[in-house]
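What follows is a single structure, written as structure tokens, with notes after it.
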Amino acid sequence: MVAMELEILGMNFGCVLAALSDAKIPDKGCLLPLISKLLGYAIVAASTTVKLPQILKILKHGSVRGLSVASFELEVVGYTIALAYCVHKGLPFSAYGELAFLLIQAIILVGIIYYYSPPMGTKTWMKALLYCALAPTVLAGKIDPALFEVLYASQHAIFFFARVPQIWKNFTNKGTGELSFLTCFMNFAGSIVRVFTSIQEKTPLSVIMGSAIGIVMNGTLLGQILLYQKPSPKKQKKED
């Protein structure tokens with residue numbers, strides 16, 4: 001039977017449907033790319049709310065206790081560089097789309113953290129203004145290609161060191177404060193899935209390395225939340 005051509009959002013369902021109509025198991029070369037695309041779009045869809053639990057937890061308690069401001073600031077820088085690189089490398093949206101939504105949420109999150117933190121000094125304002133001045137240029141790709149490659153290579157270190165202050169703060173406090181378990185879990189799961197999709201999409205090795213670093217660092221944060229969580233106090237029975 002001639003394979004049908006049915007392509008939606010870059011996903012070819014034709015070979016799978018053709019195999020199923022012949023009561024056969026779809027070939028691996030046909031099935032894996034389709035699964036990769038589906039997972040890629042699933043990550044993009046999930047990324048629209050991945051930081052929402054963290055945002056809501058801060059708003060609910062009106063506190064940023066135990067959170068490292070530097071970690072969240074570096075995250076914004078890392079997402080900006082990674083998004084700009086993927087866009088200008090012409091990678092398929094399913095391979096990086098979550099970065100756009102994560103960047104928007106990360107910026108909102110930093111704004112909320114600033115709001116609930118002690119009054120901002122000149123240094124904080126300078127960092128915010130510097131980002132606003134440079135980010136549009138980077139996202140538009142209006143920089144030297146060689147510098148672009150250097151920036152992208154550095155973003156792995158940025159994401160690594162974005163997690164280190166929070167991990168260290170958790171360790172020294174023996175607690176994770178207002179850090180959201182759900183947000184850390186989604187970051188961890190997303191990094192695992194993204195390694196698989198990146199391999200299938202044949203993305204540059206540097207992109208796969210970024211996801212691998214994400215697995216290690218997000219997994220560490222997740223482990224700390226589980227390790228340092230305090231048991232719920234049991235309700236004592238009232239004695240007559």
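Identifiers in this document derive from the order of the structure tokens: chains are assigned A, B, ..., residues are numbered from 1 separately in each chain, and ligands are numbered from 1 in order of occurrence.
The residue set within 7 Å of Ile81 of chain A, counting only C-alpha atoms and dropping same-chain residues fewer than 2 places from it, reads Val77, Gly78, Tyr79, Leu83, Ala84, Tyr85, Leu151, Tyr152 and Gln155 of chain A.
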Using only C-alpha atoms, determine which residues lie at most 9 Å from segment 189-192 of chain A, disregarding the query and same-chain residues fewer than 3 positions distant; provide the list as a PyMOL selection string.
chain A and resi 43+46-47+184-186+195-196+210-215+218-219
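Using only C-alpha atoms, the protein and nucleic acid residues lying no more than 10 Å from Gly66 of chain A, apart from those fewer than 2 places from it along its own chain, are Ser63, Val64, Ser68, Val69, Gln166, Lys169, Asn170, Asn173, Lys174, Gly175, Thr176, Gly177, Glu178 and Leu179 of chain A.
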Could you pull out the residues in segment 155-214 of chain A that DSSP calls helix (DSSP H, G or I) from the backbone, as a PyMOL selection string?
chain A and resi 155-173+181-200+205-214
Using DSSP on the backbone, list every residue of segment 1-234 of chain A that comes out as strand (DSSP E or B), and give them as a PyMOL selection string.
chain A and resi 7-8+11-12
Selection near Cys132 of chain A, 12 Å with only C-alpha atoms, sequence-local residues under 6 positions removed, as a VMD selection string:
chain A and resid 76 to 77 80 107 125 to 126 138 to 139
Residues within 9 Å of Tyr41 of chain A, please, as a ChimeraX atom specification. Count only C-alpha atoms; anything in the same chain fewer than 4 positions from it doesn't count.
/A:36-37,45-46,93-95,97-98
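Closest to Gly223 of chain A among A:Ile167, A:Tyr96, A:Cys86, A:Arg194 is A:Ile167, based on only C-alpha atoms.
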When you look at Tyr114 of chain A with a cut-off of 12 Å (counting only C-alpha atoms), what residues show up, excluding the ones that are within fewer than 2 positions of it in the same chain? I need them as a PyMOL selection string.
chain A and resi 58+62-64+67-70+72-73+107-112+116-121+124-125+128
